[in-house]
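Okay, protein.pdb now, which holds PDB, C-alpha atoms:
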ATOM      1  CA  MET G   1      -3.763 -44.333  16.674
ATOM      2  CA  PRO G   2      -0.824 -43.749  14.297
ATOM      3  CA  PRO G   3       0.487 -40.177  14.073
ATOM      4  CA  VAL G   4      -0.762 -38.012  11.245
ATOM      5  CA  ILE G   5       1.973 -37.517   8.667
ATOM      6  CA  PRO G   6       1.465 -34.281   6.740
ATOM      7  CA  PRO G   7       1.429 -34.644   2.947
ATOM      8  CA  PRO G   8       4.814 -33.370   1.684
ATOM      9  CA  GLN G   9       3.229 -30.892  -0.704
ATOM     10  CA  VAL G  10       1.469 -29.012   2.116
ATOM     11  CA  ALA G  11       3.632 -29.726   5.154
ATOM     12  CA  HIS G  12       6.157 -26.984   4.469
ATOM     13  CA  ARG G  13       3.416 -24.385   3.974
ATOM     14  CA  LEU G  14       1.906 -25.116   7.384
ATOM     15  CA  ALA G  15       5.234 -25.465   9.166
ATOM     16  CA  LEU G  16       5.709 -23.551  12.411
ATOM     17  CA  LEU G  17       9.241 -22.214  12.654
ATOM     18  CA  SER G  18      10.965 -22.017  15.994
ATOM     19  CA  THR G  19      13.236 -19.049  16.566
ATOM     20  CA  ASP G  20      16.225 -21.261  15.808
ATOM     21  CA  ALA G  21      14.634 -22.605  12.615
ATOM     22  CA  MET G  22      13.733 -19.082  11.467
ATOM     23  CA  ALA G  23      17.334 -17.949  11.989
ATOM     24  CA  LYS G  24      18.518 -20.897   9.904
ATOM     25  CA  ALA G  25      15.997 -20.057   7.179
ATOM     26  CA  ASP G  26      17.241 -16.461   7.054
ATOM     27  CA  SER G  27      20.855 -17.601   6.870
ATOM     28  CA  ALA G  28      20.115 -20.180   4.179
ATOM     29  CA  ALA G  29      18.253 -17.634   2.045
ATOM     30  CA  ILE G  30      21.150 -15.198   2.342
ATOM     31  CA  ALA G  31      23.647 -17.938   1.507
ATOM     32  CA  ALA G  32      21.550 -18.786  -1.568
ATOM     33  CA  GLY G  33      21.940 -15.238  -2.869
ATOM     34  CA  THR G  34      19.203 -13.068  -1.333
ATOM     35  CA  ALA G  35      20.849 -10.230   0.579
ATOM     36  CA  GLY G  36      19.741  -9.657   4.156
ATOM     37  CA  LEU G  37      18.936  -6.051   3.327
ATOM     38  CA  VAL G  38      16.564  -7.260   0.591
ATOM     39  CA  LEU G  39      14.791  -9.549   3.071
ATOM     40  CA  MET G  40      14.485  -6.608   5.454
ATOM     41  CA  GLU G  41      13.114  -4.293   2.764
ATOM     42  CA  ASN G  42      10.596  -6.950   1.743
ATOM     43  CA  ALA G  43       9.543  -7.334   5.375
ATOM     44  CA  GLY G  44       9.044  -3.592   5.669
ATOM     45  CA  GLN G  45       6.979  -3.536   2.496
ATOM     46  CA  ALA G  46       4.749  -6.317   3.819
ATOM     47  CA  VAL G  47       4.085  -4.528   7.103
ATOM     48  CA  ALA G  48       3.477  -1.188   5.386
ATOM     49  CA  ARG G  49       1.098  -2.818   2.900
ATOM     50  CA  GLU G  50      -0.951  -4.611   5.550
ATOM     51  CA  THR G  51      -1.050  -1.482   7.701
ATOM     52  CA  GLN G  52      -2.462   0.549   4.825
ATOM     53  CA  LEU G  53      -5.038  -2.138   4.111
ATOM     54  CA  ARG G  54      -6.310  -2.044   7.701
ATOM     55  CA  TRP G  55      -6.120   1.656   8.644
ATOM     56  CA  GLN G  56      -6.620   5.016   7.002
ATOM     57  CA  PRO G  57      -3.652   7.450   7.103
ATOM     58  CA  ARG G  58      -3.081   8.791  10.607
ATOM     59  CA  PRO G  59      -0.168   9.905  12.823
ATOM     60  CA  VAL G  60       2.076   6.862  13.300
ATOM     61  CA  LEU G  61       4.838   6.208  15.794
ATOM     62  CA  VAL G  62       7.194   3.388  14.804
ATOM     63  CA  LEU G  63       8.934   1.834  17.798
ATOM     64  CA  CYS G  64      12.304   0.438  16.724
ATOM     65  CA  GLY G  65      14.522  -1.907  18.691
ATOM     66  CA  PRO G  66      18.321  -2.247  18.473
ATOM     67  CA  GLY G  67      18.322  -5.331  16.220
ATOM     68  CA  ASN G  68      16.979  -6.472  12.876
ATOM     69  CA  ASN G  69      13.376  -6.106  14.045
ATOM     70  CA  GLY G  70      14.167  -2.431  14.474
ATOM     71  CA  GLY G  71      15.635  -2.399  10.970
ATOM     72  CA  ASP G  72      12.296  -3.692   9.693
ATOM     73  CA  GLY G  73      10.680  -0.821  11.586
ATOM     74  CA  PHE G  74      12.843   1.791   9.870
ATOM     75  CA  ALA G  75      11.769   0.333   6.522
ATOM     76  CA  VAL G  76       8.099   0.530   7.543
ATOM     77  CA  ALA G  77       8.534   4.146   8.660
ATOM     78  CA  ARG G  78      10.105   5.196   5.373
ATOM     79  CA  LEU G  79       7.525   3.416   3.241
ATOM     80  CA  LEU G  80       4.537   4.800   5.147
ATOM     81  CA  SER G  81       6.064   8.281   4.988
ATOM     82  CA  GLU G  82       6.547   7.944   1.238
ATOM     83  CA  ALA G  83       2.869   6.977   1.024
ATOM     84  CA  GLY G  84       1.933  10.284   2.663
ATOM     85  CA  TRP G  85       1.407   9.161   6.247
ATOM     86  CA  PRO G  86       2.697  11.372   9.106
ATOM     87  CA  VAL G  87       5.382   9.193  10.681
ATOM     88  CA  ARG G  88       7.748   9.497  13.612
ATOM     89  CA  VAL G  89      10.344   6.996  14.813
ATOM     90  CA  ALA G  90      11.382   6.241  18.398
ATOM     91  CA  LEU G  91      14.480   4.076  18.893
ATOM     92  CA  LEU G  92      15.563   1.978  21.855
ATOM     93  CA  GLY G  93      19.230   2.845  22.166
ATOM     94  CA  SER G  94      21.471   4.977  20.025
ATOM     95  CA  ARG G  95      21.256   5.203  16.241
ATOM     96  CA  ASP G  96      25.041   5.092  15.880
ATOM     97  CA  LYS G  97      25.154   1.751  17.698
ATOM     98  CA  LEU G  98      22.975  -0.051  15.164
ATOM     99  CA  LYS G  99      24.841  -2.693  13.194
ATOM    100  CA  GLY G 100      24.665  -4.512   9.881
ATOM    101  CA  ASP G 101      21.438  -4.423   7.914
ATOM    102  CA  ALA G 102      19.626  -2.546  10.697
ATOM    103  CA  ALA G 103      22.160   0.278  10.472
ATOM    104  CA  ALA G 104      21.920   0.331   6.681
ATOM    105  CA  MET G 105      18.122   0.504   6.798
ATOM    106  CA  ALA G 106      18.178   3.242   9.443
ATOM    107  CA  ALA G 107      20.446   5.280   7.159
ATOM    108  CA  ARG G 108      17.593   5.351   4.619
ATOM    109  CA  TRP G 109      15.399   7.185   7.138
ATOM    110  CA  ASN G 110      16.119  10.866   6.565
ATOM    111  CA  ASP G 111      14.215  12.292   9.498
ATOM    112  CA  THR G 112      14.515  12.689  13.245
ATOM    113  CA  VAL G 113      14.846   9.669  15.492
ATOM    114  CA  LEU G 114      13.367  10.146  18.966
ATOM    115  CA  PRO G 115      14.494   8.329  22.092
ATOM    116  CA  LEU G 116      12.134   5.576  23.187
ATOM    117  CA  THR G 117      10.086   7.157  25.971
ATOM    118  CA  VAL G 118       6.446   7.266  26.989
ATOM    119  CA  ASP G 119       6.405  10.944  25.986
ATOM    120  CA  ALA G 120       7.067   9.928  22.379
ATOM    121  CA  LEU G 121       3.566   8.419  22.272
ATOM    122  CA  GLU G 122       1.921  11.830  22.484
ATOM    123  CA  GLY G 123      -0.103  12.495  19.350
ATOM    124  CA  ALA G 124       0.262   8.971  17.975
ATOM    125  CA  GLU G 125      -2.925   7.367  16.712
ATOM    126  CA  LEU G 126      -1.244   4.161  15.576
ATOM    127  CA  VAL G 127       1.851   2.338  16.819
ATOM    128  CA  VAL G 128       4.063   0.033  14.780
ATOM    129  CA  ASP G 129       5.809  -2.317  17.195
ATOM    130  CA  ALA G 130       9.260  -3.188  15.837
ATOM    131  CA  LEU G 131      11.031  -3.394  19.196
ATOM    132  CA  PHE G 132      11.760  -7.112  19.471
ATOM    133  CA  GLY G 133      11.015 -10.106  17.287
ATOM    134  CA  ALA G 134      10.292 -13.735  18.100
ATOM    135  CA  GLY G 135      13.821 -14.352  19.390
ATOM    136  CA  LEU G 136      13.396 -12.315  22.584
ATOM    137  CA  ALA G 137      14.833 -14.354  25.468
ATOM    138  CA  ARG G 138      14.484 -12.014  28.455
ATOM    139  CA  ASP G 139      11.783 -10.032  30.192
ATOM    140  CA  LEU G 140      11.095  -6.521  28.945
ATOM    141  CA  GLU G 141      12.429  -3.856  31.257
ATOM    142  CA  GLY G 142      13.249  -0.172  31.441
ATOM    143  CA  SER G 143      11.906   2.180  28.796
ATOM    144  CA  ALA G 144      10.772  -0.683  26.536
ATOM    145  CA  ARG G 145       8.542  -2.058  29.272
ATOM    146  CA  ALA G 146       7.212   1.393  30.169
ATOM    147  CA  VAL G 147       6.295   2.161  26.551
ATOM    148  CA  VAL G 148       4.624  -1.211  26.003
ATOM    149  CA  GLU G 149       2.572  -0.773  29.170
ATOM    150  CA  ALA G 150       1.582   2.753  28.091
ATOM    151  CA  VAL G 151       0.472   1.581  24.624
ATOM    152  CA  ASN G 152      -1.666  -1.132  26.206
ATOM    153  CA  THR G 153      -3.130   1.184  28.835
ATOM    154  CA  ARG G 154      -4.039   3.826  26.254
ATOM    155  CA  GLU G 155      -5.452   1.124  23.964
ATOM    156  CA  LEU G 156      -3.590   2.543  20.978
ATOM    157  CA  PRO G 157      -4.053   0.550  17.755
ATOM    158  CA  CYS G 158      -0.923  -1.463  17.106
ATOM    159  CA  ALA G 159       0.651  -3.311  14.180
ATOM    160  CA  ALA G 160       3.383  -5.701  15.342
ATOM    161  CA  VAL G 161       6.373  -6.685  13.242
ATOM    162  CA  ASP G 162       6.973 -10.463  13.381
ATOM    163  CA  ILE G 163       5.411 -10.965  16.828
ATOM    164  CA  PRO G 164       4.224  -8.589  19.574
ATOM    165  CA  SER G 165       7.208  -7.460  21.617
ATOM    166  CA  GLY G 166       7.388  -9.403  24.860
ATOM    167  CA  ILE G 167       5.981 -12.650  23.435
ATOM    168  CA  HIS G 168       8.340 -15.631  23.325
ATOM    169  CA  GLY G 169       8.324 -16.933  19.770
ATOM    170  CA  ASP G 170       8.616 -20.601  20.749
ATOM    171  CA  THR G 171       6.190 -20.801  23.668
ATOM    172  CA  GLY G 172       3.800 -17.855  23.418
ATOM    173  CA  ALA G 173       4.760 -16.877  26.973
ATOM    174  CA  VAL G 174       4.695 -13.248  28.080
ATOM    175  CA  MET G 175       8.165 -12.045  28.973
ATOM    176  CA  GLY G 176       7.208  -9.773  31.844
ATOM    177  CA  VAL G 177       4.846  -7.671  29.745
ATOM    178  CA  ALA G 178       3.828  -7.834  26.080
ATOM    179  CA  MET G 179       2.381  -5.547  23.450
ATOM    180  CA  ARG G 180      -1.285  -6.105  22.619
ATOM    181  CA  ALA G 181      -1.471  -5.917  18.828
ATOM    182  CA  ASP G 182      -4.431  -5.625  16.490
ATOM    183  CA  LEU G 183      -2.371  -6.880  13.563
ATOM    184  CA  THR G 184       0.803  -8.949  13.421
ATOM    185  CA  VAL G 185       2.738  -9.403  10.204
ATOM    186  CA  THR G 186       5.188 -12.272  10.381
ATOM    187  CA  PHE G 187       7.520 -13.579   7.720
ATOM    188  CA  CYS G 188       7.959 -16.845   5.840
ATOM    189  CA  ARG G 189       5.908 -18.957   8.289
ATOM    190  CA  ARG G 190       4.084 -18.596  11.596
ATOM    191  CA  LYS G 191       5.966 -19.202  14.822
ATOM    192  CA  PRO G 192       4.574 -21.376  17.653
ATOM    193  CA  GLY G 193       4.076 -18.246  19.758
ATOM    194  CA  HIS G 194       1.480 -16.977  17.287
ATOM    195  CA  LEU G 195      -0.780 -19.934  18.095
ATOM    196  CA  LEU G 196       0.023 -20.794  21.711
ATOM    197  CA  LEU G 197      -1.622 -18.904  24.554
ATOM    198  CA  PRO G 198      -1.230 -16.222  25.727
ATOM    199  CA  GLY G 199       0.700 -15.098  22.626
ATOM    200  CA  ARG G 200      -2.234 -15.977  20.414
ATOM    201  CA  LEU G 201      -4.434 -13.503  22.292
ATOM    202  CA  MET G 202      -1.863 -10.714  22.009
ATOM    203  CA  ALA G 203      -1.153 -11.046  18.291
ATOM    204  CA  GLY G 204      -4.532 -10.011  16.855
ATOM    205  CA  LYS G 205      -4.906 -10.900  13.190
ATOM    206  CA  VAL G 206      -1.760 -12.691  11.997
ATOM    207  CA  VAL G 207      -0.686 -12.254   8.374
ATOM    208  CA  VAL G 208       2.133 -14.364   6.968
ATOM    209  CA  ALA G 209       4.123 -12.533   4.314
ATOM    210  CA  ALA G 210       6.576 -13.944   1.796
ATOM    211  CA  ILE G 211       9.823 -11.967   1.862
ATOM    212  CA  GLY G 212      12.024 -14.003  -0.461
ATOM    213  CA  ILE G 213      12.861 -17.140   1.543
ATOM    214  CA  PRO G 214      12.381 -20.076  -0.866
ATOM    215  CA  ASP G 215      10.078 -22.952   0.058
ATOM    216  CA  ALA G 216      13.025 -25.289  -0.493
ATOM    217  CA  VAL G 217      14.776 -23.667   2.443
ATOM    218  CA  VAL G 218      11.842 -24.471   4.740
ATOM    219  CA  GLU G 219      11.598 -28.023   3.403
ATOM    220  CA  ALA G 220      15.281 -28.574   4.164
ATOM    221  CA  LEU G 221      14.786 -27.650   7.831
ATOM    222  CA  ASP G 222      12.949 -30.915   8.606
ATOM    223  CA  VAL G 223      10.332 -29.116  10.686
ATOM    224  CA  ARG G 224       8.207 -31.419  12.847
ATOM    225  CA  LEU G 225       5.732 -28.857  14.196
ATOM    226  CA  HIS G 226       2.818 -27.718  12.025
ATOM    227  CA  GLU G 227      -0.254 -25.562  12.255
ATOM    228  CA  ASN G 228      -3.391 -27.678  12.499
ATOM    229  CA  ALA G 229      -5.407 -27.409   9.294
ATOM    230  CA  PRO G 230      -7.536 -29.791   7.198
ATOM    231  CA  ALA G 231      -4.831 -29.987   4.545
ATOM    232  CA  LEU G 232      -2.682 -31.929   7.029
ATOM    233  CA  TRP G 233      -5.121 -34.724   7.753
ATOM    234  CA  GLU G 234      -8.038 -34.704   5.307
ATOM    235  CA  ALA G 235      -6.376 -37.348   3.117
ATOM    236  CA  GLN G 236      -6.413 -39.732   6.121
ATOM    237  CA  PHE G 237      -9.897 -38.834   7.342
ATOM    238  CA  PRO G 238     -12.279 -41.826   7.129
ATOM    239  CA  TRP G 239     -14.831 -40.240   4.829
ATOM    240  CA  PRO G 240     -17.908 -42.510   4.464
ATOM    241  CA  ALA G 241     -18.221 -44.320   1.149
ATOM    242  CA  LEU G 242     -21.456 -45.161  -0.648
ATOM    243  CA  THR G 243     -21.001 -48.804   0.343
ATOM    244  CA  ASP G 244     -20.532 -48.110   4.060
ATOM    245  CA  HIS G 245     -23.128 -49.329   6.546
ATOM    246  CA  LYS G 246     -23.689 -49.263  10.270
ATOM    247  CA  TYR G 247     -21.285 -52.133  10.887
ATOM    248  CA  SER G 248     -18.398 -50.657   8.899
ATOM    249  CA  ARG G 249     -18.533 -47.259  10.609
ATOM    250  CA  GLY G 250     -17.743 -48.486  14.110
ATOM    251  CA  HIS G 251     -19.803 -48.573  17.293
ATOM    252  CA  ALA G 252     -20.311 -46.197  20.189
ATOM    253  CA  LEU G 253     -21.207 -47.173  23.735
ATOM    254  CA  VAL G 254     -22.194 -44.349  26.051
ATOM    255  CA  VAL G 255     -22.084 -45.071  29.779
ATOM    256  CA  GLY G 256     -23.667 -42.521  32.071
ATOM    257  CA  GLY G 257     -24.452 -42.164  35.756
ATOM    258  CA  GLY G 258     -27.889 -41.893  37.247
ATOM    259  CA  ALA G 259     -27.401 -38.623  39.074
ATOM    260  CA  ALA G 260     -29.401 -35.775  37.554
ATOM    261  CA  PRO G 261     -26.398 -33.408  37.044
ATOM    262  CA  THR G 262     -24.681 -35.939  34.758
ATOM    263  CA  ARG G 263     -27.600 -36.934  32.533
ATOM    264  CA  ASN G 264     -27.165 -34.318  29.844
ATOM    265  CA  ALA G 265     -23.553 -35.284  29.046
ATOM    266  CA  PRO G 266     -24.314 -38.885  27.981
ATOM    267  CA  ARG G 267     -27.415 -37.722  26.103
ATOM    268  CA  ALA G 268     -25.321 -35.208  24.158
ATOM    269  CA  ALA G 269     -22.595 -37.779  23.515
ATOM    270  CA  SER G 270     -25.084 -40.349  22.210
ATOM    271  CA  ARG G 271     -26.569 -37.807  19.830
ATOM    272  CA  ALA G 272     -23.150 -36.660  18.636
ATOM    273  CA  ALA G 273     -21.705 -40.129  17.994
ATOM    274  CA  PRO G 274     -23.784 -41.056  14.916
ATOM    275  CA  VAL G 275     -23.416 -37.563  13.489
ATOM    276  CA  ALA G 276     -19.636 -37.592  13.901
ATOM    277  CA  GLY G 277     -19.423 -41.025  12.303
ATOM    278  CA  GLY G 278     -21.681 -40.314   9.371
ATOM    279  CA  PRO G 279     -25.352 -39.518   8.661
ATOM    280  CA  PRO G 280     -27.792 -39.459  11.628
ATOM    281  CA  ALA G 281     -28.810 -42.796  13.099
ATOM    282  CA  SER G 282     -32.387 -42.389  11.873
ATOM    283  CA  THR G 283     -31.204 -42.689   8.262
ATOM    284  CA  THR G 284     -28.536 -45.382   8.685
ATOM    285  CA  GLY G 285     -30.090 -47.756  11.132
ATOM    286  CA  GLY G 286     -27.408 -47.001  13.705
ATOM    287  CA  ARG G 287     -28.247 -47.414  17.378
ATOM    288  CA  ARG G 288     -27.891 -45.211  20.425
ATOM    289  CA  LEU G 289     -27.192 -47.078  23.613
ATOM    290  CA  TYR G 290     -27.848 -45.771  27.128
ATOM    291  CA  PHE G 291     -26.607 -47.432  30.271
ATOM    292  CA  TRP G 292     -27.884 -45.758  33.418
ATOM    293  CA  GLY G 293     -26.372 -46.634  36.739
ATOM    294  CA  GLY G 294     -27.991 -46.354  40.169
TER     295      GLY G 294
END
Full structure transcribed into structure tokens:
Amino acid sequence: MPPVIPPPQVAHRLALLSTDAMAKADSAAIAAGTAGLVLMENAGQAVARETQLRWQPRPVLVLCGPGNNGGDGFAVARLLSEAGWPVRVALLGSRDKLKGDAAAMAARWNDTVLPLTVDALEGAELVVDALFGAGLARDLEGSARAVVEAVNTRELPCAAVDIPSGIHGDTGAVMGVAMRADLTVTFCRRKPGHLLLPGRLMAGKVVVAAIGIPDAVVEALDVRLHENAPALWEAQFPWPALTDHKYSRGHALVVGGGAAPTRNAPRAASRAAPVAGGPPASTTGGRRLYFWGG
């Protein structure tokens, strides 16, 4: 069977971006004139918006990592605070060691920054996980691991930024331990780890937010991996035409054994075949064939 070739007009919208492809998309968008800090602010707005759509205001603890995912977290914290939510921030590492856009976004947070410890979870009724994004390449350890395990054990509601911390963006693998999120807001396109197990089970509801990366940037990446959806293959699906008949829709031969435990499988297959290929056999003249051995 020839491979399904996604229609160009929908392929880029269903593209799954590897961590390397996502980094290239970010760089290309910045090179095209969208500042990294603008992308980060847009990401924070998307997470804050989806959080407010899902939950009522409540005490929030935003967990920030030392990279750009943490910068997104600082943006979320500021925006939720401006919306009237009680917000605290806990940072993995030192604030003065943040660099680039993450440092610039942290400077917009005019409140206390707590160290990342299990104690920081006290009083939190919602956690925003902005520790690590899809590019994590090592197992969680130390205070990050302890906090993730505590959030999971306490079953605190969690909104993850990009992907739950501890999930490998390309494979969906758990890197030692991973955050269990109720909501994940990712950017531009889904990553393979959002759909592959066990990452799929840890991500909760996944929302894809546009943050200013043009579609042309994604198209230029020549992505070969796509999310399965009818838009990819419906144009090639052999929909029955009015002129079709039982000989133009193919034939099915079901071969089953005689042992009692195996009888139901061929029966089910014979009933499914005419339905999968078109209208039921009783209305098309199609035939169901049984071959019983023994």
Taking 2 positions as the minimum chain separation for residues in the same chain, which residues sit within 6 Å of range 171-175 of chain G when counting all atoms listed in the file? Answer as a ChimeraX atom specification.
/G:139,166-169,177-178,193,196-199
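The two atoms in question, CA of Val62 in chain G and CA of Ala159 in chain G, are spaced 9.4 Å apart.
Restricting the calculation to only C-alpha atoms, the smallest distance between Phe74 in chain G and any of G:Leu131, G:Val147, G:Ala124, G:Ala28 is found for G:Leu131.
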List the spatial neighbours of Arg88 in chain G as a PDB file with C-alpha atoms, in the coordinates of the input - criterion: any atom at most 12 Å away, all atoms listed in the file, same-chain residues fewer than 6 positions off excluded.
ATOM      1  CA  ARG G  58      -3.081   8.791  10.607  1.00  0.00           C
ATOM      2  CA  PRO G  59      -0.168   9.905  12.823  1.00  0.00           C
ATOM      3  CA  VAL G  60       2.076   6.862  13.300  1.00  0.00           C
ATOM      4  CA  LEU G  61       4.838   6.208  15.794  1.00  0.00           C
ATOM      5  CA  VAL G  62       7.194   3.388  14.804  1.00  0.00           C
ATOM      6  CA  LEU G  63       8.934   1.834  17.798  1.00  0.00           C
ATOM      7  CA  CYS G  64      12.304   0.438  16.724  1.00  0.00           C
ATOM      8  CA  GLY G  73      10.680  -0.821  11.586  1.00  0.00           C
ATOM      9  CA  PHE G  74      12.843   1.791   9.870  1.00  0.00           C
ATOM     10  CA  VAL G  76       8.099   0.530   7.543  1.00  0.00           C
ATOM     11  CA  ALA G  77       8.534   4.146   8.660  1.00  0.00           C
ATOM     12  CA  ARG G  78      10.105   5.196   5.373  1.00  0.00           C
ATOM     13  CA  LEU G  80       4.537   4.800   5.147  1.00  0.00           C
ATOM     14  CA  SER G  81       6.064   8.281   4.988  1.00  0.00           C
ATOM     15  CA  TRP G 109      15.399   7.185   7.138  1.00  0.00           C
ATOM     16  CA  ASN G 110      16.119  10.866   6.565  1.00  0.00           C
ATOM     17  CA  ASP G 111      14.215  12.292   9.498  1.00  0.00           C
ATOM     18  CA  THR G 112      14.515  12.689  13.245  1.00  0.00           C
ATOM     19  CA  VAL G 113      14.846   9.669  15.492  1.00  0.00           C
ATOM     20  CA  LEU G 114      13.367  10.146  18.966  1.00  0.00           C
ATOM     21  CA  PRO G 115      14.494   8.329  22.092  1.00  0.00           C
ATOM     22  CA  LEU G 116      12.134   5.576  23.187  1.00  0.00           C
ATOM     23  CA  ALA G 120       7.067   9.928  22.379  1.00  0.00           C
ATOM     24  CA  LEU G 121       3.566   8.419  22.272  1.00  0.00           C
ATOM     25  CA  GLU G 122       1.921  11.830  22.484  1.00  0.00           C
ATOM     26  CA  GLY G 123      -0.103  12.495  19.350  1.00  0.00           C
ATOM     27  CA  ALA G 124       0.262   8.971  17.975  1.00  0.00           C
ATOM     28  CA  GLU G 125      -2.925   7.367  16.712  1.00  0.00           C
ATOM     29  CA  LEU G 126      -1.244   4.161  15.576  1.00  0.00           C
ATOM     30  CA  VAL G 127       1.851   2.338  16.819  1.00  0.00           C
ATOM     31  CA  VAL G 128       4.063   0.033  14.780  1.00  0.00           C
TER      32      VAL G 128
END
Taking (9.6, -5.7, 3.2) in the file's coordinates, which residues come within 10 Å, counting only C-alpha atoms, written as a PyMOL selection string?
chain G and resi 37-49+72-73+75-76+79+187+209-212
Answer key for the PyMOL selection byres ((chain G and resi 95) around 12), residues as an MDAnalysis selection string
chainID G and resid 64:67 70:71 74 89:94 96:99 102:107 109 112:116
Please measure the separation of CA of Thr19 in chain G and CA of Asp182 in chain G, giving the value in Å to one decimal.
22.2 Å
Box time for range 174-177 of chain G: axis-aligned, enclosing all its listed atoms, 4 Å extra on each side; report centre and edge lengths in Å to one decimal, as JSON.
{"center_x": 6.4, "center_y": -10.5, "center_z": 30.0, "size_x": 11.5, "size_y": 13.6, "size_z": 11.8}
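With all atoms listed in the file as the atoms that count, the residue of G:Asp129, G:Glu141, G:Asp162, G:Asp222 with the shortest distance to Lys191 in chain G is G:Asp162.
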What residues come out when you apply the PyMOL selection byres ((chain G and resi 226-242) around 6) to this file, written as a PyMOL selection string?
chain G and resi 6+14-16+225+243-244
Between G:Ala203, G:Ala29, G:Ala21, G:Val161, single out the one closest to Asn68 in chain G, counting only C-alpha atoms.
G:Val161
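One finds CA of Asn152 in chain G at 6.1 Å from CA of Arg180 in chain G.
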Using the chain letters and numbering of this document, enumerate as a PyMOL selection string the residues selected by the PyMOL selection byres ((chain G and resi 269) around 10).
chain G and resi 252-256+264-268+270-274+288
For Gly133 in chain G, the closest of G:His251, G:His194, G:Arg224, G:Arg154 counting all atoms listed in the file is G:His194
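Between Leu183 in chain G and the candidates G:Arg138, G:Arg54, G:Arg13, G:Lys246, the tightest atom-to-atom separation, counting all atoms listed in the file, involves G:Arg54.
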Range 54-66 of chain G rebuilt with N, CA, C and O atoms, output as a short mmCIF file (atom, residue, chain, number, x, y, z; two decimals), in the coordinates of the input:
data_model
loop_
_atom_site.label_atom_id
_atom_site.label_comp_id
_atom_site.auth_asym_id
_atom_site.auth_seq_id
_atom_site.Cartn_x
_atom_site.Cartn_y
_atom_site.Cartn_z
N ARG G 54 -5.47 -1.99 6.50
CA ARG G 54 -6.31 -2.04 7.70
C ARG G 54 -6.73 -0.66 8.19
O ARG G 54 -7.85 -0.49 8.68
N TRP G 55 -5.84 0.34 8.08
CA TRP G 55 -6.12 1.66 8.64
C TRP G 55 -6.01 2.75 7.59
O TRP G 55 -5.25 2.63 6.62
N GLN G 56 -6.75 3.81 7.80
CA GLN G 56 -6.62 5.02 7.00
C GLN G 56 -5.41 5.79 7.51
O GLN G 56 -4.97 5.62 8.65
N PRO G 57 -4.82 6.67 6.65
CA PRO G 57 -3.65 7.45 7.10
C PRO G 57 -3.94 8.21 8.39
O PRO G 57 -5.01 8.82 8.55
N ARG G 58 -2.96 8.16 9.31
CA ARG G 58 -3.08 8.79 10.61
C ARG G 58 -1.68 8.94 11.19
O ARG G 58 -0.74 8.31 10.70
N PRO G 59 -1.50 9.76 12.22
CA PRO G 59 -0.17 9.90 12.82
C PRO G 59 0.33 8.57 13.38
O PRO G 59 -0.34 7.93 14.19
N VAL G 60 1.51 8.16 12.93
CA VAL G 60 2.08 6.86 13.30
C VAL G 60 3.37 7.06 14.07
O VAL G 60 4.20 7.90 13.69
N LEU G 61 3.55 6.28 15.11
CA LEU G 61 4.84 6.21 15.79
C LEU G 61 5.38 4.80 15.62
O LEU G 61 4.73 3.83 16.01
N VAL G 62 6.55 4.69 15.00
CA VAL G 62 7.19 3.39 14.80
C VAL G 62 8.21 3.20 15.92
O VAL G 62 9.14 4.00 16.07
N LEU G 63 8.03 2.15 16.70
CA LEU G 63 8.93 1.83 17.80
C LEU G 63 9.98 0.86 17.30
O LEU G 63 9.65 -0.27 16.92
N CYS G 64 11.23 1.26 17.27
CA CYS G 64 12.30 0.44 16.72
C CYS G 64 13.23 -0.05 17.83
O CYS G 64 13.63 0.72 18.71
N GLY G 65 13.56 -1.34 17.77
CA GLY G 65 14.52 -1.91 18.69
C GLY G 65 15.93 -1.86 18.13
O GLY G 65 16.15 -1.40 17.01
N PRO G 66 16.92 -2.36 18.87
CA PRO G 66 18.32 -2.25 18.47
C PRO G 66 18.80 -3.31 17.49
O PRO G 66 19.95 -3.28 17.06
#
